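K.L.:
One file is attached below, input-v6.pdb, containing PDB, C-alpha atoms, pLDDT in the B column.
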```pdb
ATOM      1  CA  MET A   1     -56.618 101.361 -71.122  1.00 92.00           C
ATOM      2  CA  LYS A   2     -56.625 105.166 -70.859  1.00 97.00           C
ATOM      3  CA  THR A   3     -58.634 106.238 -67.825  1.00 98.00           C
ATOM      4  CA  GLN A   4     -59.182 109.644 -66.296  1.00 98.00           C
ATOM      5  CA  LEU A   5     -59.050 109.848 -62.506  1.00 98.00           C
ATOM      6  CA  VAL A   6     -60.024 112.704 -60.209  1.00 98.00           C
ATOM      7  CA  ILE A   7     -57.214 112.650 -57.650  1.00 98.00           C
ATOM      8  CA  THR A   8     -58.285 112.648 -54.004  1.00 97.00           C
ATOM      9  CA  ASP A   9     -55.198 111.312 -52.206  1.00 97.00           C
ATOM     10  CA  LEU A  10     -51.439 111.711 -52.243  1.00 97.00           C
ATOM     11  CA  THR A  11     -49.835 109.640 -49.518  1.00 95.00           C
ATOM     12  CA  ARG A  12     -46.237 110.202 -48.433  1.00 93.00           C
ATOM     13  CA  MET A  13     -44.352 106.955 -48.006  1.00 91.00           C
ATOM     14  CA  GLN A  14     -40.766 106.241 -46.993  1.00 83.00           C
ATOM     15  CA  ARG A  15     -37.668 106.790 -49.134  1.00 84.00           C
ATOM     16  CA  GLY A  16     -39.242 109.545 -51.233  1.00 90.00           C
ATOM     17  CA  MET A  17     -42.083 107.415 -52.590  1.00 96.00           C
ATOM     18  CA  VAL A  18     -45.801 108.210 -52.782  1.00 97.00           C
ATOM     19  CA  TYR A  19     -49.150 106.525 -53.290  1.00 96.00           C
ATOM     20  CA  ILE A  20     -51.876 108.055 -55.447  1.00 98.00           C
ATOM     21  CA  ALA A  21     -55.626 107.433 -55.296  1.00 98.00           C
ATOM     22  CA  GLY A  22     -58.568 108.821 -57.218  1.00 98.00           C
ATOM     23  CA  PHE A  23     -61.935 108.061 -58.761  1.00 98.00           C
ATOM     24  CA  ASP A  24     -62.751 107.031 -62.322  1.00 97.00           C
ATOM     25  CA  PRO A  25     -65.865 108.289 -64.186  1.00 96.00           C
ATOM     26  CA  ASN A  26     -67.859 105.330 -62.798  1.00 95.00           C
ATOM     27  CA  GLY A  27     -67.135 106.302 -59.190  1.00 95.00           C
ATOM     28  CA  ARG A  28     -64.662 103.471 -58.633  1.00 96.00           C
ATOM     29  CA  CYS A  29     -61.720 104.224 -56.339  1.00 97.00           C
ATOM     30  CA  ILE A  30     -58.431 103.313 -58.011  1.00 98.00           C
ATOM     31  CA  ARG A  31     -54.903 103.394 -56.659  1.00 97.00           C
ATOM     32  CA  PRO A  32     -52.469 103.498 -59.628  1.00 98.00           C
ATOM     33  CA  ILE A  33     -49.275 101.637 -58.700  1.00 97.00           C
ATOM     34  CA  LEU A  34     -45.883 100.742 -60.145  1.00 97.00           C
ATOM     35  CA  SER A  35     -43.674  97.761 -59.409  1.00 94.00           C
ATOM     36  CA  PRO A  36     -41.131  98.292 -56.590  1.00 92.00           C
ATOM     37  CA  PRO A  37     -39.659 100.662 -55.640  1.00 93.00           C
ATOM     38  CA  GLY A  38     -42.926 102.422 -56.572  1.00 95.00           C
ATOM     39  CA  ILE A  39     -43.835 105.989 -57.548  1.00 97.00           C
ATOM     40  CA  PRO A  40     -41.190 108.618 -56.733  1.00 96.00           C
ATOM     41  CA  GLU A  41     -42.409 111.968 -55.453  1.00 95.00           C
ATOM     42  CA  LYS A  42     -40.728 113.701 -58.391  1.00 94.00           C
ATOM     43  CA  ALA A  43     -43.176 111.943 -60.745  1.00 95.00           C
ATOM     44  CA  LEU A  44     -45.891 114.293 -59.480  1.00 96.00           C
ATOM     45  CA  PHE A  45     -44.227 117.168 -61.319  1.00 94.00           C
ATOM     46  CA  ASP A  46     -43.433 118.083 -64.911  1.00 89.00           C
ATOM     47  CA  GLN A  47     -40.684 120.671 -65.350  1.00 87.00           C
ATOM     48  CA  GLY A  48     -41.213 121.805 -61.775  1.00 86.00           C
ATOM     49  CA  LYS A  49     -44.987 122.213 -62.051  1.00 89.00           C
ATOM     50  CA  PRO A  50     -47.427 119.908 -60.203  1.00 92.00           C
ATOM     51  CA  VAL A  51     -49.469 117.723 -62.545  1.00 94.00           C
ATOM     52  CA  ILE A  52     -50.777 115.127 -60.057  1.00 96.00           C
ATOM     53  CA  PHE A  53     -52.406 116.696 -56.997  1.00 95.00           C
ATOM     54  CA  PRO A  54     -55.749 116.514 -55.144  1.00 94.00           C
ATOM     55  CA  SER A  55     -58.578 117.929 -57.293  1.00 94.00           C
ATOM     56  CA  ALA A  56     -56.636 117.328 -60.528  1.00 96.00           C
ATOM     57  CA  ARG A  57     -58.169 115.244 -63.308  1.00 97.00           C
ATOM     58  CA  VAL A  58     -55.340 113.103 -64.656  1.00 98.00           C
ATOM     59  CA  GLU A  59     -55.285 110.529 -67.448  1.00 98.00           C
ATOM     60  CA  PHE A  60     -53.465 107.245 -66.739  1.00 98.00           C
ATOM     61  CA  PHE A  61     -52.816 104.273 -68.983  1.00 98.00           C
ATOM     62  CA  LEU A  62     -54.002 101.510 -66.669  1.00 98.00           C
ATOM     63  CA  LEU A  63     -52.965  97.885 -66.959  1.00 97.00           C
ATOM     64  CA  ARG A  64     -54.006  94.967 -64.753  1.00 92.00           C
ATOM     65  CA  ASN A  65     -55.475  94.928 -61.272  1.00 94.00           C
ATOM     66  CA  ARG A  66     -53.480  93.705 -58.301  1.00 89.00           C
ATOM     67  CA  PRO A  67     -56.126  93.100 -55.632  1.00 83.00           C
ATOM     68  CA  GLN A  68     -54.485  92.024 -52.381  1.00 90.00           C
ATOM     69  CA  PRO A  69     -57.128  92.466 -49.644  1.00 94.00           C
ATOM     70  CA  PRO A  70     -57.627  94.813 -48.041  1.00 96.00           C
ATOM     71  CA  HIS A  71     -55.775  96.797 -50.740  1.00 96.00           C
ATOM     72  CA  THR A  72     -58.287  95.956 -53.461  1.00 96.00           C
ATOM     73  CA  GLU A  73     -57.939  99.297 -55.277  1.00 97.00           C
ATOM     74  CA  ASP A  74     -54.439  98.670 -56.708  1.00 97.00           C
ATOM     75  CA  VAL A  75     -54.067  98.841 -60.505  1.00 98.00           C
ATOM     76  CA  TYR A  76     -50.740  98.891 -62.354  1.00 98.00           C
ATOM     77  CA  PHE A  77     -50.202 101.736 -64.823  1.00 98.00           C
ATOM     78  CA  VAL A  78     -47.692 102.564 -67.539  1.00 97.00           C
ATOM     79  CA  GLU A  79     -44.861 104.601 -66.065  1.00 96.00           C
ATOM     80  CA  GLY A  80     -44.724 108.060 -67.634  1.00 94.00           C
ATOM     81  CA  SER A  81     -48.293 107.880 -68.946  1.00 96.00           C
ATOM     82  CA  PRO A  82     -50.058 110.300 -66.525  1.00 96.00           C
ATOM     83  CA  ARG A  83     -51.296 113.418 -68.313  1.00 96.00           C
ATOM     84  CA  PHE A  84     -52.840 116.416 -66.561  1.00 96.00           C
ATOM     85  CA  ILE A  85     -56.274 117.296 -67.947  1.00 96.00           C
ATOM     86  CA  GLU A  86     -57.765 119.968 -65.697  1.00 96.00           C
ATOM     87  CA  ARG A  87     -58.421 121.067 -62.167  1.00 93.00           C
ATOM     88  CA  VAL A  88     -61.833 119.978 -60.862  1.00 94.00           C
ATOM     89  CA  ASP A  89     -63.939 122.413 -58.856  1.00 88.00           C
ATOM     90  CA  GLY A  90     -66.548 119.888 -57.701  1.00 86.00           C
ATOM     91  CA  ILE A  91     -64.333 117.513 -55.731  1.00 93.00           C
ATOM     92  CA  GLU A  92     -66.786 117.575 -52.808  1.00 96.00           C
ATOM     93  CA  ASP A  93     -69.283 115.744 -55.030  1.00 95.00           C
ATOM     94  CA  VAL A  94     -66.640 113.072 -55.685  1.00 95.00           C
ATOM     95  CA  LEU A  95     -65.969 112.652 -51.962  1.00 97.00           C
ATOM     96  CA  LYS A  96     -69.680 112.328 -51.162  1.00 95.00           C
ATOM     97  CA  LYS A  97     -69.957 109.295 -53.444  1.00 90.00           C
ATOM     98  CA  ASP A  98     -67.552 107.379 -51.184  1.00 94.00           C
ATOM     99  CA  LEU A  99     -68.884 108.548 -47.830  1.00 97.00           C
ATOM    100  CA  TYR A 100     -69.197 106.191 -44.846  1.00 98.00           C
ATOM    101  CA  GLU A 101     -70.865 106.838 -41.506  1.00 96.00           C
ATOM    102  CA  SER A 102     -67.952 105.612 -39.410  1.00 97.00           C
ATOM    103  CA  VAL A 103     -64.350 104.420 -39.645  1.00 98.00           C
ATOM    104  CA  GLN A 104     -65.365 100.862 -38.835  1.00 96.00           C
ATOM    105  CA  GLU A 105     -67.925 100.902 -41.667  1.00 97.00           C
ATOM    106  CA  ILE A 106     -65.144 101.589 -44.181  1.00 98.00           C
ATOM    107  CA  PHE A 107     -63.188  98.464 -43.336  1.00 97.00           C
ATOM    108  CA  THR A 108     -66.078  96.186 -42.183  1.00 95.00           C
ATOM    109  CA  GLN A 109     -63.897  94.544 -39.539  1.00 93.00           C
ATOM    110  CA  ASN A 110     -63.019  95.297 -35.940  1.00 93.00           C
ATOM    111  CA  ILE A 111     -60.582  98.128 -35.317  1.00 96.00           C
ATOM    112  CA  LEU A 112     -57.741  96.766 -33.173  1.00 95.00           C
ATOM    113  CA  ARG A 113     -56.108  99.096 -30.667  1.00 93.00           C
ATOM    114  CA  ASP A 114     -52.811  99.184 -28.793  1.00 86.00           C
ATOM    115  CA  PRO A 115     -50.481  99.727 -30.385  1.00 88.00           C
ATOM    116  CA  GLY A 116     -52.189 102.332 -32.541  1.00 92.00           C
ATOM    117  CA  TYR A 117     -55.265 101.557 -34.597  1.00 97.00           C
ATOM    118  CA  SER A 118     -55.174  98.699 -37.080  1.00 97.00           C
ATOM    119  CA  VAL A 119     -57.111  95.962 -38.856  1.00 96.00           C
ATOM    120  CA  LEU A 120     -56.062  92.475 -39.902  1.00 95.00           C
ATOM    121  CA  ASP A 121     -54.171  92.156 -43.175  1.00 94.00           C
ATOM    122  CA  CYS A 122     -55.509  89.953 -46.012  1.00 93.00           C
ATOM    123  CA  ALA A 123     -59.139  90.725 -45.099  1.00 94.00           C
ATOM    124  CA  GLY A 124     -61.795  93.287 -45.945  1.00 95.00           C
ATOM    125  CA  PRO A 125     -63.283  94.767 -49.137  1.00 96.00           C
ATOM    126  CA  ARG A 126     -61.263  97.994 -49.282  1.00 96.00           C
ATOM    127  CA  SER A 127     -58.325  99.897 -47.836  1.00 97.00           C
ATOM    128  CA  ILE A 128     -59.614 103.475 -48.048  1.00 98.00           C
ATOM    129  CA  GLY A 129     -62.815 105.471 -47.633  1.00 98.00           C
ATOM    130  CA  THR A 130     -64.232 108.855 -46.707  1.00 98.00           C
ATOM    131  CA  ILE A 131     -65.838 110.056 -43.486  1.00 98.00           C
ATOM    132  CA  GLN A 132     -67.044 113.351 -42.101  1.00 98.00           C
ATOM    133  CA  PRO A 133     -65.803 113.430 -38.503  1.00 98.00           C
ATOM    134  CA  GLY A 134     -68.246 114.217 -35.738  1.00 98.00           C
ATOM    135  CA  LYS A 135     -65.620 116.229 -33.873  1.00 98.00           C
ATOM    136  CA  ILE A 136     -62.095 117.506 -34.453  1.00 98.00           C
ATOM    137  CA  ASN A 137     -60.147 117.415 -31.186  1.00 98.00           C
ATOM    138  CA  ASN A 138     -56.718 118.677 -32.155  1.00 97.00           C
ATOM    139  CA  VAL A 139     -53.931 118.685 -34.727  1.00 98.00           C
ATOM    140  CA  VAL A 140     -50.468 117.492 -33.690  1.00 96.00           C
ATOM    141  CA  TYR A 141     -47.379 118.811 -35.469  1.00 96.00           C
ATOM    142  CA  GLY A 142     -43.951 118.528 -33.890  1.00 89.00           C
ATOM    143  CA  HIS A 143     -40.893 116.382 -33.407  1.00 81.00           C
ATOM    144  CA  GLU A 144     -41.135 112.786 -32.250  1.00 77.00           C
ATOM    145  CA  ALA A 145     -39.383 112.049 -28.968  1.00 64.00           C
ATOM    146  CA  VAL A 146     -37.702 108.887 -30.278  1.00 67.00           C
ATOM    147  CA  ASN A 147     -36.003 109.928 -33.530  1.00 71.00           C
ATOM    148  CA  ASP A 148     -36.775 113.679 -33.658  1.00 71.00           C
ATOM    149  CA  ALA A 149     -38.571 113.309 -37.012  1.00 81.00           C
ATOM    150  CA  LEU A 150     -41.515 115.611 -37.688  1.00 87.00           C
ATOM    151  CA  ASP A 151     -44.786 114.010 -36.637  1.00 92.00           C
ATOM    152  CA  TYR A 152     -48.175 114.832 -38.147  1.00 97.00           C
ATOM    153  CA  ARG A 153     -51.284 113.514 -36.390  1.00 97.00           C
ATOM    154  CA  LEU A 154     -54.978 114.223 -36.059  1.00 98.00           C
ATOM    155  CA  SER A 155     -57.197 113.481 -33.080  1.00 98.00           C
ATOM    156  CA  PHE A 156     -60.908 113.252 -33.925  1.00 98.00           C
ATOM    157  CA  ASP A 157     -64.174 111.452 -33.180  1.00 98.00           C
ATOM    158  CA  ASP A 158     -66.096 109.873 -36.038  1.00 98.00           C
ATOM    159  CA  SER A 159     -69.849 110.442 -36.392  1.00 96.00           C
ATOM    160  CA  LYS A 160     -70.488 107.419 -34.150  1.00 96.00           C
ATOM    161  CA  GLY A 161     -68.474 109.072 -31.374  1.00 97.00           C
ATOM    162  CA  GLU A 162     -65.503 106.688 -31.642  1.00 97.00           C
ATOM    163  CA  PRO A 163     -62.205 108.490 -30.868  1.00 97.00           C
ATOM    164  CA  TYR A 164     -59.112 108.149 -33.076  1.00 98.00           C
ATOM    165  CA  ARG A 165     -55.617 109.607 -33.087  1.00 97.00           C
ATOM    166  CA  LEU A 166     -54.052 108.807 -36.451  1.00 98.00           C
ATOM    167  CA  LYS A 167     -50.867 109.653 -38.303  1.00 97.00           C
ATOM    168  CA  ILE A 168     -51.422 112.066 -41.193  1.00 98.00           C
ATOM    169  CA  THR A 169     -49.726 110.821 -44.366  1.00 97.00           C
ATOM    170  CA  ASP A 170     -51.410 113.379 -46.649  1.00 97.00           C
ATOM    171  CA  LEU A 171     -48.503 114.768 -48.692  1.00 96.00           C
ATOM    172  CA  THR A 172     -50.201 118.120 -49.314  1.00 95.00           C
ATOM    173  CA  TRP A 173     -50.757 118.550 -45.575  1.00 96.00           C
ATOM    174  CA  HIS A 174     -47.043 117.878 -44.980  1.00 95.00           C
ATOM    175  CA  TYR A 175     -46.099 120.466 -47.605  1.00 93.00           C
ATOM    176  CA  TYR A 176     -48.445 123.048 -46.099  1.00 94.00           C
ATOM    177  CA  CYS A 177     -47.215 122.580 -42.519  1.00 95.00           C
ATOM    178  CA  ASP A 178     -43.568 122.564 -43.558  1.00 93.00           C
ATOM    179  CA  ASN A 179     -43.991 125.704 -45.686  1.00 92.00           C
ATOM    180  CA  LEU A 180     -45.508 127.564 -42.728  1.00 94.00           C
ATOM    181  CA  LYS A 181     -42.622 126.359 -40.562  1.00 93.00           C
ATOM    182  CA  ALA A 182     -40.119 127.576 -43.165  1.00 93.00           C
ATOM    183  CA  GLN A 183     -41.760 131.019 -42.971  1.00 93.00           C
ATOM    184  CA  GLY A 184     -40.923 131.194 -39.267  1.00 95.00           C
ATOM    185  CA  GLU A 185     -44.062 129.882 -37.571  1.00 95.00           C
ATOM    186  CA  THR A 186     -43.540 127.396 -34.747  1.00 95.00           C
ATOM    187  CA  PRO A 187     -44.948 123.853 -34.987  1.00 94.00           C
ATOM    188  CA  ALA A 188     -47.115 124.550 -31.919  1.00 95.00           C
ATOM    189  CA  SER A 189     -48.655 127.680 -33.469  1.00 96.00           C
ATOM    190  CA  ILE A 190     -49.219 125.853 -36.778  1.00 96.00           C
ATOM    191  CA  ALA A 191     -50.981 122.996 -34.971  1.00 97.00           C
ATOM    192  CA  GLU A 192     -53.174 125.460 -33.067  1.00 97.00           C
ATOM    193  CA  LYS A 193     -54.025 127.368 -36.249  1.00 96.00           C
ATOM    194  CA  LEU A 194     -54.933 124.221 -38.186  1.00 97.00           C
ATOM    195  CA  THR A 195     -56.995 122.847 -35.296  1.00 98.00           C
ATOM    196  CA  GLY A 196     -59.117 125.993 -35.436  1.00 97.00           C
ATOM    197  CA  GLU A 197     -59.446 125.849 -39.208  1.00 96.00           C
ATOM    198  CA  LEU A 198     -60.580 122.235 -39.196  1.00 97.00           C
ATOM    199  CA  GLN A 199     -63.062 122.880 -36.393  1.00 97.00           C
ATOM    200  CA  SER A 200     -64.651 125.766 -38.303  1.00 96.00           C
ATOM    201  CA  ARG A 201     -64.968 124.165 -41.756  1.00 96.00           C
ATOM    202  CA  ASN A 202     -66.842 121.392 -43.479  1.00 97.00           C
ATOM    203  CA  ILE A 203     -64.299 118.552 -43.487  1.00 98.00           C
ATOM    204  CA  TYR A 204     -63.881 115.214 -45.200  1.00 98.00           C
ATOM    205  CA  LEU A 205     -61.189 112.764 -44.109  1.00 98.00           C
ATOM    206  CA  ARG A 206     -59.829 110.027 -46.340  1.00 98.00           C
ATOM    207  CA  ILE A 207     -58.998 107.180 -43.950  1.00 98.00           C
ATOM    208  CA  GLY A 208     -56.658 104.546 -45.384  1.00 98.00           C
ATOM    209  CA  LEU A 209     -54.558 101.576 -44.390  1.00 97.00           C
ATOM    210  CA  SER A 210     -50.808 101.124 -44.391  1.00 95.00           C
ATOM    211  CA  ARG A 211     -49.181  98.041 -45.839  1.00 89.00           C
ATOM    212  CA  GLY A 212     -48.144  95.295 -43.445  1.00 79.00           C
ATOM    213  CA  TRP A 213     -44.684  95.770 -41.972  1.00 78.00           C
ATOM    214  CA  LYS A 214     -42.087  93.659 -40.250  1.00 79.00           C
ATOM    215  CA  LYS A 215     -42.596  94.871 -36.687  1.00 84.00           C
ATOM    216  CA  TYR A 216     -46.314  93.998 -36.682  1.00 85.00           C
ATOM    217  CA  PRO A 217     -46.922  91.315 -39.310  1.00 85.00           C
ATOM    218  CA  GLY A 218     -50.528  90.732 -40.155  1.00 91.00           C
ATOM    219  CA  ARG A 219     -51.600  94.269 -39.242  1.00 94.00           C
ATOM    220  CA  CYS A 220     -52.531  97.243 -41.449  1.00 96.00           C
ATOM    221  CA  PHE A 221     -52.496 100.502 -39.508  1.00 97.00           C
ATOM    222  CA  LEU A 222     -55.047 103.253 -40.004  1.00 98.00           C
ATOM    223  CA  GLN A 223     -53.859 106.631 -41.256  1.00 98.00           C
ATOM    224  CA  VAL A 224     -55.274 109.896 -42.595  1.00 98.00           C
ATOM    225  CA  ASN A 225     -54.491 109.774 -46.318  1.00 98.00           C
ATOM    226  CA  GLY A 226     -56.307 112.957 -47.273  1.00 97.00           C
ATOM    227  CA  ILE A 227     -57.779 116.060 -45.622  1.00 97.00           C
ATOM    228  CA  HIS A 228     -60.310 118.077 -47.621  1.00 97.00           C
ATOM    229  CA  THR A 229     -61.998 121.181 -46.224  1.00 97.00           C
ATOM    230  CA  PHE A 230     -64.657 123.505 -47.584  1.00 95.00           C
ATOM    231  CA  PRO A 231     -63.710 126.334 -47.719  1.00 94.00           C
ATOM    232  CA  ASP A 232     -60.311 125.006 -48.764  1.00 93.00           C
ATOM    233  CA  TYR A 233     -57.625 125.499 -46.095  1.00 92.00           C
ATOM    234  CA  LEU A 234     -55.149 125.836 -48.978  1.00 88.00           C
ATOM    235  CA  GLU A 235     -57.186 128.803 -50.241  1.00 82.00           C
ATOM    236  CA  GLY A 236     -57.275 127.464 -53.785  1.00 68.00           C
ATOM    237  CA  LYS A 237     -53.515 127.268 -54.172  1.00 66.00           C
ATOM    238  CA  TYR A 238     -51.874 124.321 -55.865  1.00 54.00           C
ATOM    239  CA  SER A 239     -51.154 121.964 -53.030  1.00 58.00           C
ATOM    240  CA  LEU A 240     -47.613 121.007 -54.048  1.00 64.00           C
ATOM    241  CA  THR A 241     -46.100 124.470 -54.311  1.00 52.00           C
TER     242      THR A 241
END
```
Would you write out, as structure tokens, the structure that this file holds?
P.N.:
Amino acid sequence: MKTQLVITDLTRMQRGMVYIAGFDPNGRCIRPILSPPGIPEKALFDQGKPVIFPSARVEFFLLRNRPQPPHTEDVYFVEGSPRFIERVDGIEDVLKKDLYESVQEIFTQNILRDPGYSVLDCAGPRSIGTIQPGKINNVVYGHEAVNDALDYRLSFDDSKGEPYRLKITDLTWHYYCDNLKAQGETPASIAEKLTGELQSRNIYLRIGLSRGWKKYPGRCFLQVNGIHTFPDYLEGKYSLT
């Protein structure tokens, strides 16, 4: 079935793969998926131009659902079927339709802590939702001590005052930070700049769940799948350029 989605999330995974999420005309959150190995990052582009990015309206040929709680939004689609329609100006209205008061309200189960923040796998009605944080504490951007890989994190309080420090998997955020770094800015100065920008703007966070993994079976870890600000921190630029 051909379905148009307003894209809200691009999540960077391992081995060059991504997850996509968006909303259909009925306000239902859908995560289009492919069989393993999944969706390669290059599928977001057509002849070098981005066609799947946050705020884009994209047509997919959707197939069957694959609800595996808490990842109830998964729907298979026909590979190669996505077609860019237009860029949407009113994405804030889309985000407001999926707004929750707190992180815990999204997942409807206790948030487990240490290590990290997680919920139990195979439970819960959804794996992603939107909040407006009560407070932005700071952005983290730098190299991990263990393997020296770049680390992207956000420390914030939700509107209930609960503190979180979550990994940012938002692909557009990664692109933006890395582009600034390539222009000669230091990770510390980029983190300071983005902390200030988030603190001074109207912000929506898309909080999602990872898939279970071998080291911690039965756990799905919380992550920041999407960061949307108004005014736009990307200043209206295409987010994948």
K.L.:
Would you pick out the contacts of A:Tyr152 at 6 Å or less, using all atoms listed in the file, so that residues sharing its chain but fewer than 3 positions from it are not included, and give the list as a PDB file with C-alpha atoms, keeping the file's coordinate frame?
P.N.:
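The result, written out as selection-v6.pdb:
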```pdb
ATOM      1  CA  VAL A 140     -50.468 117.492 -33.690  1.00 96.00           C
ATOM      2  CA  TYR A 141     -47.379 118.811 -35.469  1.00 96.00           C
ATOM      3  CA  LYS A 167     -50.867 109.653 -38.303  1.00 97.00           C
ATOM      4  CA  ILE A 168     -51.422 112.066 -41.193  1.00 98.00           C
TER       5      ILE A 168
END
```
K.L.:
Smallest atom-to-atom distance to A:Val75: which of A:Pro163, A:Gly129, A:Pro32, A:Gly212, using all atoms listed in the file?
P.N.:
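Between A:Pro163, A:Gly129, A:Pro32, A:Gly212, the residue approaching A:Val75 most closely is A:Pro32.
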K.L.:
For A:Ile30, list every protein, DNA or RNA residue within 12 Å, evaluated using only C-alpha atoms, and leave out those in the same chain fewer than 4 positions away; present the list as a ChimeraX atom specification.
P.N.:
/A:3-9,19-26,60,62-67,71-77,126-129
K.L.:
So how many Å separate atom CA of A:Lys97 and atom CA of A:Tyr204, to one decimal?
P.N.:
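Answer for the atom CA of A:Lys97 to atom CA of A:Tyr204 separation: 11.8 Å.
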K.L.:
Restricting the calculation to all atoms listed in the file, which member of A:Leu150, A:Val139, A:Leu171, A:Ile106 is positioned closest to A:Glu197?
P.N.:
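Using all atoms listed in the file, A:Glu197 sits closest to A:Val139.
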K.L.:
Might you pull out every residue within 7 Å of stretch 219-224 of chain A, with only C-alpha atoms counted and same-chain residues fewer than 4 positions away left off, and present them as a PyMOL selection string?
P.N.:
chain A and resi 117-121+166-170+205-212
K.L.:
With a distance cut-off of 12 Å and all atoms listed in the file, select the neighbouring residues of A:Ala188, excluding the residue or stretch itself and same-chain residues fewer than 3 positions from it, and output the selection as a list in words.
P.N.:
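Selected residues are Asn138, Val139, Val140, Tyr141, Gly142, His143, Asp151, Tyr152, Cys177, Leu180, Lys181, Gly184, Glu185, Ala191, Glu192, Lys193, Leu194 and Thr195 of chain A.
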K.L.:
Can you tell me how far atom CA of A:Ile111 sits from atom CA of A:Ala149, in Å to one decimal?
P.N.:
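Rounded to one decimal, the two atoms are 26.8 Å apart.
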K.L.:
Return the single residue from A:Tyr233, A:Phe61, A:Tyr100, A:Phe84 that is closest to A:Arg201, with distances computed using all atoms listed in the file.
P.N.:
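Distance minimum relative to A:Arg201 lands on A:Tyr233.
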